[in-house]
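**Student:** Contents of entry10.cif (mmCIF, C-alpha atoms) are below:
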data_final
loop_
_atom_site.group_PDB
_atom_site.id
_atom_site.type_symbol
_atom_site.label_atom_id
_atom_site.label_comp_id
_atom_site.auth_asym_id
_atom_site.auth_seq_id
_atom_site.Cartn_x
_atom_site.Cartn_y
_atom_site.Cartn_z
ATOM 1 C CA GLU A 1 93.349 127.697 140.953
ATOM 2 C CA ASP A 2 96.817 126.287 141.486
ATOM 3 C CA PHE A 3 95.484 122.877 142.527
ATOM 4 C CA ASP A 4 93.306 122.826 139.382
ATOM 5 C CA ALA A 5 96.438 123.514 137.361
ATOM 6 C CA ALA A 6 98.290 120.777 139.236
ATOM 7 C CA GLN A 7 95.456 118.362 138.578
ATOM 8 C CA ALA A 8 95.500 119.243 134.872
ATOM 9 C CA LEU A 9 99.246 118.679 134.684
ATOM 10 C CA SER A 10 98.913 115.404 136.602
ATOM 11 C CA VAL A 11 96.242 114.109 134.236
ATOM 12 C CA VAL A 12 98.295 115.018 131.178
ATOM 13 C CA VAL A 13 101.446 113.462 132.596
ATOM 14 C CA PHE A 14 99.688 110.276 133.673
ATOM 15 C CA THR A 15 97.980 109.915 130.282
ATOM 16 C CA CYS A 16 101.034 110.527 128.129
ATOM 17 C CA PHE A 17 103.919 109.290 130.229
ATOM 18 C CA ALA A 18 102.435 106.600 132.467
ATOM 19 C CA PRO A 19 104.915 103.956 131.241
ATOM 20 C CA LEU A 20 107.864 106.032 132.446
ATOM 21 C CA ILE A 21 106.879 107.470 135.811
ATOM 22 C CA ASN A 22 105.911 106.302 139.272
ATOM 23 C CA GLN A 23 102.348 107.589 139.424
ATOM 24 C CA THR A 24 102.049 107.377 143.206
ATOM 25 C CA ALA A 25 105.171 109.451 143.744
ATOM 26 C CA ALA A 26 104.058 111.973 141.132
ATOM 27 C CA LEU A 27 100.630 112.355 142.749
ATOM 28 C CA ARG A 28 102.107 112.941 146.180
ATOM 29 C CA ALA A 29 104.558 115.479 144.792
ATOM 30 C CA MET A 30 101.760 117.325 142.978
ATOM 31 C CA ALA A 31 99.602 117.405 146.105
ATOM 32 C CA ALA A 32 102.443 118.714 148.220
ATOM 33 C CA PHE A 33 103.398 121.317 145.646
ATOM 34 C CA ALA A 34 99.818 122.470 145.199
ATOM 35 C CA HIS A 35 98.704 122.664 148.840
ATOM 36 C CA CYS A 36 101.411 122.666 151.476
ATOM 37 C CA PRO A 37 102.999 126.048 150.725
ATOM 38 C CA LEU A 38 99.615 127.789 150.881
ATOM 39 C CA ARG A 39 98.420 126.837 154.354
ATOM 40 C CA SER A 40 97.723 129.496 156.882
ATOM 41 C CA GLU A 41 98.200 129.065 160.628
ATOM 42 C CA GLU A 42 94.610 127.838 160.926
ATOM 43 C CA GLU A 43 95.233 125.201 158.247
ATOM 44 C CA ILE A 44 98.254 123.582 159.871
ATOM 45 C CA GLY A 45 96.359 120.374 160.566
ATOM 46 C CA PHE A 46 94.992 120.087 157.009
ATOM 47 C CA ARG A 47 95.885 116.959 155.037
ATOM 48 C CA CYS A 48 96.780 117.342 151.345
ATOM 49 C CA GLU A 49 94.694 114.696 149.614
ATOM 50 C CA GLY A 50 95.916 112.042 152.008
ATOM 51 C CA LEU A 51 99.435 113.520 152.214
ATOM 52 C CA GLU A 52 100.048 115.295 155.545
ATOM 53 C CA CYS A 53 101.910 118.556 155.199
ATOM 54 C CA GLY A 54 104.801 119.087 157.555
ATOM 55 C CA GLU A 55 103.856 120.651 160.894
ATOM 56 C CA ASP A 56 106.968 122.779 160.892
ATOM 57 C CA PHE A 57 106.207 124.658 157.657
ATOM 58 C CA ASP A 58 106.765 128.403 157.896
ATOM 59 C CA VAL A 59 103.724 130.457 156.970
ATOM 60 C CA ALA A 60 104.614 133.231 154.546
ATOM 61 C CA PRO A 61 103.047 136.695 154.654
ATOM 62 C CA VAL A 62 99.839 137.075 152.666
ATOM 63 C CA SER A 63 101.477 139.095 149.889
ATOM 64 C CA LEU A 64 104.211 136.509 149.430
ATOM 65 C CA ARG A 65 101.723 133.664 149.489
ATOM 66 C CA THR A 66 99.592 135.400 146.845
ATOM 67 C CA ASN A 67 102.590 136.009 144.597
ATOM 68 C CA GLY A 68 103.730 132.454 145.135
ATOM 69 C CA ARG A 69 100.290 131.188 144.195
ATOM 70 C CA MET A 70 100.327 133.156 140.943
ATOM 71 C CA ILE A 71 103.799 131.929 140.058
ATOM 72 C CA ARG A 72 102.897 128.309 140.738
ATOM 73 C CA VAL A 73 99.696 128.550 138.708
ATOM 74 C CA GLY A 74 101.665 129.983 135.809
ATOM 75 C CA VAL A 75 104.376 127.337 136.014
ATOM 76 C CA LEU A 76 101.928 124.451 136.297
ATOM 77 C CA SER A 77 99.764 125.779 133.453
ATOM 78 C CA ALA A 78 102.800 126.217 131.219
ATOM 79 C CA LEU A 79 104.012 122.716 132.029
ATOM 80 C CA ALA A 80 100.565 121.264 131.314
ATOM 81 C CA ALA A 81 100.492 123.060 127.943
ATOM 82 C CA VAL A 82 103.964 121.829 126.969
ATOM 83 C CA VAL A 83 103.333 118.258 128.046
ATOM 84 C CA GLY A 84 99.905 118.274 126.405
ATOM 85 C CA THR A 85 101.396 119.483 123.126
ATOM 86 C CA VAL A 86 103.981 116.709 123.192
ATOM 87 C CA CYS A 87 101.206 114.220 123.885
ATOM 88 C CA LEU A 88 99.091 115.465 120.985
ATOM 89 C CA VAL A 89 101.860 115.338 118.404
ATOM 90 C CA GLY A 90 103.341 112.073 119.507
ATOM 91 C CA THR A 91 102.514 108.512 120.439
ATOM 92 C CA PRO A 92 103.040 107.158 123.949
ATOM 93 C CA SER A 93 106.382 108.214 125.284
ATOM 94 C CA ALA A 94 107.912 104.766 125.412
ATOM 95 C CA VAL A 95 107.361 104.463 121.660
ATOM 96 C CA MET A 96 108.008 107.942 120.292
ATOM 97 C CA PHE A 97 110.807 109.112 122.552
ATOM 98 C CA ASN A 98 113.970 107.199 121.913
ATOM 99 C CA GLY A 99 116.358 108.308 124.597
ATOM 100 C CA GLY A 100 115.064 111.867 124.774
ATOM 101 C CA VAL A 101 114.568 114.560 122.157
ATOM 102 C CA SER A 102 117.863 115.641 120.668
ATOM 103 C CA ALA A 103 118.729 119.065 119.359
ATOM 104 C CA ILE A 104 120.588 117.470 116.454
ATOM 105 C CA THR A 105 119.038 118.193 113.068
ATOM 106 C CA GLY A 106 119.238 116.385 109.735
ATOM 107 C CA LEU A 107 118.677 112.755 108.762
ATOM 108 C CA SER A 108 120.400 109.624 109.938
ATOM 109 C CA THR A 109 122.306 107.568 107.378
ATOM 110 C CA SER A 110 119.614 104.895 107.242
ATOM 111 C CA GLY A 111 116.868 107.528 107.070
ATOM 112 C CA ASP A 112 118.581 109.327 104.205
ATOM 113 C CA MET A 113 119.034 106.057 102.291
ATOM 114 C CA SER A 114 115.382 105.149 102.753
ATOM 115 C CA ARG A 115 114.337 108.616 101.625
ATOM 116 C CA GLN A 116 116.504 108.526 98.509
ATOM 117 C CA GLN A 117 115.224 105.080 97.564
ATOM 118 C CA ALA A 118 111.591 106.207 97.814
ATOM 119 C CA LEU A 119 112.272 109.398 95.839
ATOM 120 C CA GLN A 120 114.063 107.503 93.080
ATOM 121 C CA MET A 121 111.085 105.185 92.686
ATOM 122 C CA ALA A 122 108.706 108.151 92.632
ATOM 123 C CA ALA A 123 110.755 109.978 89.983
ATOM 124 C CA GLN A 124 110.780 106.850 87.843
ATOM 125 C CA GLU A 125 107.035 106.371 88.192
ATOM 126 C CA VAL A 126 106.324 109.996 87.256
ATOM 127 C CA THR A 127 108.652 110.136 84.246
ATOM 128 C CA GLN A 128 107.730 106.730 82.812
ATOM 129 C CA GLY A 129 104.019 106.911 83.591
ATOM 130 C CA SER A 130 101.674 104.366 85.068
ATOM 131 C CA ASN A 131 99.751 101.839 83.022
ATOM 132 C CA LEU A 132 97.060 102.028 85.704
ATOM 133 C CA ALA A 133 96.050 105.618 84.853
ATOM 134 C CA THR A 134 92.694 104.408 83.613
ATOM 135 C CA ALA A 135 89.115 105.116 84.553
ATOM 136 C CA PRO A 136 87.481 102.773 87.048
ATOM 137 C CA LYS A 137 84.784 100.449 85.748
ATOM 138 C CA GLU A 138 81.601 102.362 86.431
ATOM 139 C CA ASN A 139 78.058 102.318 85.100
ATOM 140 C CA LEU A 140 78.011 105.566 83.150
ATOM 141 C CA ASN A 141 74.291 105.327 82.331
ATOM 142 C CA ASP A 142 72.742 105.022 85.792
ATOM 143 C CA GLY A 143 72.422 108.752 86.485
ATOM 144 C CA ASN A 144 74.721 108.419 89.486
ATOM 145 C CA VAL A 145 77.426 111.105 89.521
ATOM 146 C CA CYS A 146 79.315 109.201 92.210
ATOM 147 C CA ASN A 147 81.143 105.881 92.132
ATOM 148 C CA ASP A 148 78.946 102.802 91.887
ATOM 149 C CA ASP A 149 79.369 102.065 95.599
ATOM 150 C CA GLU A 150 78.313 105.623 96.519
ATOM 151 C CA GLU A 151 75.230 107.831 96.560
ATOM 152 C CA GLU A 152 74.874 111.606 96.331
ATOM 153 C CA HIS A 153 73.532 113.589 99.261
ATOM 154 C CA GLY A 154 73.867 117.356 99.678
ATOM 155 C CA ALA A 155 76.204 117.612 96.654
ATOM 156 C CA LEU A 156 78.639 115.123 98.174
ATOM 157 C CA CYS A 157 79.265 111.439 97.525
ATOM 158 C CA TYR A 158 78.792 109.038 100.456
ATOM 159 C CA ALA A 159 79.039 105.291 100.776
ATOM 160 C CA LYS A 160 75.618 103.774 100.149
ATOM 161 C CA CYS A 161 73.407 103.423 103.201
ATOM 162 C CA SER A 162 72.373 99.974 102.007
ATOM 163 C CA GLN A 163 75.980 98.861 102.502
ATOM 164 C CA LEU A 164 76.626 100.740 105.745
ATOM 165 C CA ALA A 165 73.387 100.148 107.659
ATOM 166 C CA GLY A 166 72.100 97.105 105.801
ATOM 167 C CA PRO A 167 69.706 96.574 102.890
ATOM 168 C CA ALA A 168 66.690 97.413 105.087
ATOM 169 C CA TYR A 169 67.938 101.014 105.500
ATOM 170 C CA PRO A 170 68.722 102.217 101.965
ATOM 171 C CA HIS A 171 67.557 105.839 102.302
ATOM 172 C CA ARG A 172 70.114 108.449 103.394
ATOM 173 C CA GLN A 173 68.520 111.250 105.356
ATOM 174 C CA SER A 174 71.674 113.009 106.526
ATOM 175 C CA ALA A 175 75.419 112.550 106.650
ATOM 176 C CA TRP A 176 74.957 110.316 109.712
ATOM 177 C CA THR A 177 71.472 108.845 109.216
ATOM 178 C CA CYS A 178 70.180 105.931 107.149
ATOM 179 C CA CYS A 179 66.450 105.108 107.129
ATOM 180 C CA ASN A 180 64.089 102.342 105.996
ATOM 181 C CA ALA A 181 61.784 104.899 104.361
ATOM 182 C CA ALA A 182 62.343 107.929 102.175
ATOM 183 C CA GLN A 183 60.755 110.192 104.812
ATOM 184 C CA CYS A 184 61.226 109.623 108.536
ATOM 185 C CA PRO A 185 60.789 111.922 111.560
ATOM 186 C CA PHE A 186 63.924 113.806 112.466
ATOM 187 C CA MET A 187 66.167 111.837 114.869
ATOM 188 C CA SER A 188 63.771 108.894 114.637
ATOM 189 C CA LEU A 189 65.019 105.728 116.323
ATOM 190 C CA SER A 190 62.264 103.507 115.000
ATOM 191 C CA CYS A 191 62.834 103.794 111.260
ATOM 192 C CA CYS A 192 66.410 105.140 111.103
ATOM 193 C CA LYS A 193 69.894 104.170 112.165
ATOM 194 C CA HIS A 194 72.465 106.764 113.209
ATOM 195 C CA ASP A 195 76.255 106.570 113.272
ATOM 196 C CA TYR A 196 77.940 109.906 113.956
ATOM 197 C CA GLY A 197 81.495 110.843 113.106
ATOM 198 C CA MET A 198 83.764 113.120 111.120
ATOM 199 C CA CYS A 199 84.841 111.089 108.091
ATOM 200 C CA SER A 200 83.713 108.028 110.031
ATOM 201 C CA GLY A 201 80.499 106.243 110.910
ATOM 202 C CA TYR A 202 78.011 106.745 108.081
ATOM 203 C CA SER A 203 79.797 109.931 106.943
ATOM 204 C CA ILE A 204 82.354 108.288 104.658
ATOM 205 C CA ALA A 205 83.014 107.832 100.968
ATOM 206 C CA GLY A 206 82.730 104.468 99.231
ATOM 207 C CA MET A 207 85.416 101.851 99.723
ATOM 208 C CA GLN A 208 86.576 102.322 96.142
ATOM 209 C CA GLU A 209 88.136 105.619 97.254
ATOM 210 C CA GLY A 210 89.669 104.068 100.366
ATOM 211 C CA ASN A 211 88.920 103.115 103.950
ATOM 212 C CA ALA A 212 87.310 105.826 106.120
ATOM 213 C CA ILE A 213 87.741 108.561 103.491
ATOM 214 C CA CYS A 214 85.752 111.782 103.824
ATOM 215 C CA PRO A 215 82.758 112.318 101.534
ATOM 216 C CA HIS A 216 83.811 114.084 98.357
ATOM 217 C CA ALA A 217 82.582 116.099 95.410
ATOM 218 C CA PRO A 218 80.870 114.159 92.603
ATOM 219 C CA GLY A 219 83.169 112.133 90.389
ATOM 220 C CA GLY A 220 85.950 109.652 90.967
ATOM 221 C CA CYS A 221 89.693 109.165 90.810
ATOM 222 C CA LEU A 222 91.676 107.086 88.331
ATOM 223 C CA ASN A 223 92.666 103.525 89.180
ATOM 224 C CA ASP A 224 96.207 104.594 90.107
ATOM 225 C CA GLU A 225 95.005 107.455 92.323
ATOM 226 C CA GLU A 226 93.806 107.936 95.883
ATOM 227 C CA LEU A 227 91.514 110.577 97.334
ATOM 228 C CA PHE A 228 93.088 112.882 99.921
ATOM 229 C CA LEU A 229 91.459 116.078 101.238
ATOM 230 C CA GLY A 230 89.039 116.072 98.314
ATOM 231 C CA MET A 231 91.741 115.784 95.624
ATOM 232 C CA CYS A 232 93.032 112.861 93.580
ATOM 233 C CA TYR A 233 96.748 112.006 93.879
ATOM 234 C CA MET A 234 98.814 109.157 92.520
ATOM 235 C CA LYS A 235 98.843 106.413 95.128
ATOM 236 C CA CYS A 236 101.766 106.518 97.525
ATOM 237 C CA SER A 237 101.981 102.744 97.246
ATOM 238 C CA LEU A 238 102.814 103.148 93.531
ATOM 239 C CA LEU A 239 105.057 106.197 93.903
ATOM 240 C CA THR A 240 107.270 104.574 96.540
ATOM 241 C CA GLY A 241 107.111 100.978 95.354
ATOM 242 C CA GLY A 242 105.292 100.036 98.566
ATOM 243 C CA LEU A 243 107.937 101.516 100.869
ATOM 244 C CA ASN A 244 105.710 104.348 102.129
ATOM 245 C CA PRO A 245 102.211 103.317 101.038
ATOM 246 C CA TYR A 246 100.077 105.686 103.151
ATOM 247 C CA ARG A 247 99.410 109.274 102.086
ATOM 248 C CA ALA A 248 99.620 111.571 105.093
ATOM 249 C CA GLU A 249 100.088 114.944 103.349
ATOM 250 C CA ILE A 250 99.585 116.368 99.889
ATOM 251 C CA ASP A 251 103.313 115.827 99.327
ATOM 252 C CA GLY A 252 103.964 113.217 101.994
ATOM 253 C CA CYS A 253 103.919 109.411 102.066
ATOM 254 C CA CYS A 254 104.250 107.388 105.257
ATOM 255 C CA LYS A 255 105.260 103.850 106.225
ATOM 256 C CA SER A 256 102.416 103.625 108.741
ATOM 257 C CA THR A 257 99.419 105.631 109.905
ATOM 258 C CA GLY A 258 98.670 107.856 112.881
ATOM 259 C CA ALA A 259 101.167 109.810 114.950
ATOM 260 C CA TYR A 260 104.169 108.171 113.331
ATOM 261 C CA CYS A 261 103.394 110.296 110.276
ATOM 262 C CA LEU A 262 103.869 113.578 112.156
ATOM 263 C CA ALA A 263 107.672 113.296 112.078
ATOM 264 C CA GLU A 264 110.091 112.879 109.189
ATOM 265 C CA GLU A 265 111.564 109.426 108.713
ATOM 266 C CA GLY A 266 115.184 109.212 109.827
ATOM 267 C CA ALA A 267 115.241 112.695 111.376
ATOM 268 C CA LYS A 268 117.720 112.808 114.257
ATOM 269 C CA ASP A 269 115.238 114.403 116.633
ATOM 270 C CA GLY A 270 114.590 111.428 118.882
ATOM 271 C CA LEU A 271 111.201 110.714 117.233
ATOM 272 C CA ASN A 272 110.574 107.512 115.331
ATOM 273 C CA GLY A 273 108.899 109.253 112.410
ATOM 274 C CA MET A 274 107.888 107.380 109.271
ATOM 275 C CA LEU A 275 106.965 110.262 106.926
ATOM 276 C CA ILE A 276 108.789 111.320 103.769
ATOM 277 C CA THR A 277 107.782 114.628 102.192
ATOM 278 C CA ASN A 278 108.759 115.801 98.722
ATOM 279 C CA SER A 279 107.036 117.685 95.905
ATOM 280 C CA THR A 280 107.484 114.572 93.725
ATOM 281 C CA PHE A 281 104.650 112.960 95.661
ATOM 282 C CA ALA A 282 102.200 115.785 94.878
ATOM 283 C CA VAL A 283 101.138 114.495 91.462
ATOM 284 C CA GLY A 284 98.109 113.024 89.770
ATOM 285 C CA GLY A 285 98.028 109.589 88.231
ATOM 286 C CA GLY A 286 98.199 110.539 84.554
ATOM 287 C CA CYS A 287 101.837 111.610 84.224
ATOM 288 C CA ALA A 288 103.703 110.845 80.974
ATOM 289 C CA ASP A 289 100.746 109.096 79.317
ATOM 290 C CA SER A 290 100.023 111.827 76.712
ATOM 291 C CA ASN A 291 96.334 111.787 77.644
ATOM 292 C CA ALA A 292 94.720 115.102 78.525
ATOM 293 C CA GLY A 293 91.877 113.248 80.234
ATOM 294 C CA THR A 294 94.213 111.795 82.854
ATOM 295 C CA PRO A 295 95.881 114.775 84.571
ATOM 296 C CA CYS A 296 99.397 114.690 85.940
ATOM 297 C CA GLN A 297 98.510 117.404 88.424
ATOM 298 C CA PRO A 298 96.422 116.703 91.537
ATOM 299 C CA HIS A 299 92.779 117.294 90.642
ATOM 300 C CA PRO A 300 89.230 117.084 91.982
ATOM 301 C CA PRO A 301 87.299 113.876 91.280
ATOM 302 C CA LEU A 302 86.543 113.469 87.599
ATOM 303 C CA THR A 303 82.834 113.393 86.743
ATOM 304 C CA ALA A 304 83.654 111.919 83.323
ATOM 305 C CA VAL A 305 84.607 108.583 84.892
ATOM 306 C CA THR A 306 81.361 108.108 86.845
#
Output the file's structure in the form of structure tokens.
**Tutor:**
Amino acid sequence: EDFDAAQALSVVVFTCFAPLINQTAALRAMAAFAHCPLRSEEEIGFRCEGLECGEDFDVAPVSLRTNGRMIRVGVLSALAAVVGTVCLVGTPSAVMFNGGVSAITGLSTSGDMSRQQALQMAAQEVTQGSNLATAPKENLNDGNVCNDDEEEHGALCYAKCSQLAGPAYPHRQSAWTCCNAAQCPFMSLSCCKHDYGMCSGYSIAGMQEGNAICPHAPGGCLNDEELFLGMCYMKCSLLTGGLNPYRAEIDGCCKSTGAYCLAEEGAKDGLNGMLITNSTFAVGGGCADSNAGTPCQPHPPLTAVT
């Protein structure tokens, strides 16, 4: 069990921190730590994955060896969990860790200035209103409750199969399947194309709502809005004047995408975060325009515009 834990920790470390460690030395250390202390007198000649354990090692009593095994398994498992968590919430160590994680809290001077600049632009946009809070140009008489570049399937709006799989496969049979006929055998490879994914592949909304956006309820957002988690929000690119154009949270706008948006911009925590969060960003596109049909609050897609 302890070698399994050591292997797990080794894999995590090599995956996340390969740029910063000597992998050969780490592997030898893991092998020695996992095997050498556990050998019995009959196992003295055993080689630890190519690393020979010292012939002069003292064999501990069974009870001590068992306790030692349990302690090592616990330590290795805990280390694997900690390192794995860091890996999941960050980018590769050479990028995200800037001299080690610091216990200092708060924002750096440059981070605070960038934050204040983005918030000032957002406050101005919300109080003055956007002249882009208009309905998209859609064919309102085609019976399609989705945007013109979408089709309804299972009460959700997806990008049209004819655009995703090609004009020869216009019939959507599932979230991930586009076919050349209205009825095809399940999982057919002869008359259907398949592209599986969660908010990817064929299971995406139309490009009018953004790139690789999840399928959504019928309706659409205003021209100055973006779809995020099934709700329409004013675009971060408008709220921040292009400084933080990517929406990463319901109240958060980011300079980039991916793991950089898991940490606050300018935070003195050793992470190069690019996210700014503030309730000012959690608004719809129709603020200060005196039009009840263009909400200032975040809202589901509007069926009136499609």
**Student:** I'd like the residues picked by the PyMOL selection byres ((chain A and resi 267) around 10) written out as a PyMOL selection string, using the chain letters and numbers from the file.
**Tutor:** chain A and resi 104-112+263-266+268-275
**Student:** Take the PyMOL selection byres ((chain A and resi 151-155) around 12), run it mentally on this structure, and tell me the resulting residues as an NGL selection string.
**Tutor:** :A and (142-150 or 156-164 or 170-178 or 202-206 or 215-219 or 306)
**Student:** Name all residues at most 7 Å from Cys254 in chain A (count all atoms listed in the file; drop same-chain ones fewer than 6 positions away) and give them as a list in words.
**Tutor:** Asn244, Pro245, Tyr246, Arg247, Ala248, Cys261, Met274, Leu275 and Ile276 of chain A
**Student:** One decimal, in Å: what's the spacing between CA of His299 in chain A and CA of Tyr196 in chain A?
**Tutor:**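 Calculated distance between CA of His299 in chain A and CA of Tyr196 in chain A is 28.6 Å.
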**Student:** CA of Leu132 in chain A and CA of Thr277 in chain A, how far apart in Å?
**Tutor:**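 Distance reported for this atom pair: 23.4 Å.
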**Student:** Which residue out of A:Pro298, A:His194, A:Ala282, A:Ser256 has the minimum interatomic distance to Gly230 in chain A when only C-alpha atoms are used?
**Tutor:**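 Of the candidates, the smallest distance to Gly230 in chain A is held by A:Pro298.
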**Student:** Give the answer as one residue: which of A:Cys179, A:Gly242, A:Gly210, A:Asn278 has the shortest atom-to-atom distance to Asp195 in chain A, using all atoms listed in the file?
**Tutor:**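 Of A:Cys179, A:Gly242, A:Gly210, A:Asn278, the one nearest Asp195 in chain A is A:Cys179, counting all atoms listed in the file.
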**Student:** For CA of Gly284 in chain A and CA of Leu227 in chain A, determine how far apart the two atoms are, in Å to one decimal place.
**Tutor:** 10.3 Å
**Student:** Identify all residues satisfying the PyMOL selection byres ((chain A and resi 293-295) around 10) in the given file; provide them as a list in words.
**Tutor:**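 So the PyMOL selection byres ((chain A and resi 293-295) around 10) ends up selecting Ala133, Thr134, Ala135, Cys221, Leu222, Cys232, Tyr233, Val283, Gly284, Gly285, Gly286, Cys287, Ala288, Asp289, Ser290, Asn291, Ala292, Cys296, Gln297, Pro298, His299, Leu302, Ala304 and Val305 of chain A.
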**Student:** Pick the closest to Gly241 in chain A from A:Lys193, A:Glu209, A:Lys255, A:Tyr260: which is it, counting all atoms listed in the file?
**Tutor:**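 Selected residue with least distance to Gly241 in chain A: A:Lys255.
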**Student:** I'd like the contact shell of Phe281 in chain A - 9 Å cut-off, only C-alpha atoms, skipping same-chain residues fewer than 5 positions apart - returned as number ranges by chain.
**Tutor:** A: 119, 122-123, 233-236, 239-240, 250-253
**Student:** Between A:Asn223, A:Met207, A:Gly197, A:Ala182, which one has atoms that come closest to Leu238 in chain A, using all atoms listed in the file?
**Tutor:**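 Checking each of A:Asn223, A:Met207, A:Gly197, A:Ala182 against Leu238 in chain A, counting all atoms listed in the file, the winner is A:Asn223.
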**Student:** Calculated over all atoms listed in the file, which of the candidates A:Thr280, A:Ser200, A:Ser130, A:Asn180 has the smallest distance to Cys214 in chain A?
**Tutor:**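 For Cys214 in chain A, the nearest of the given residues is A:Ser200.
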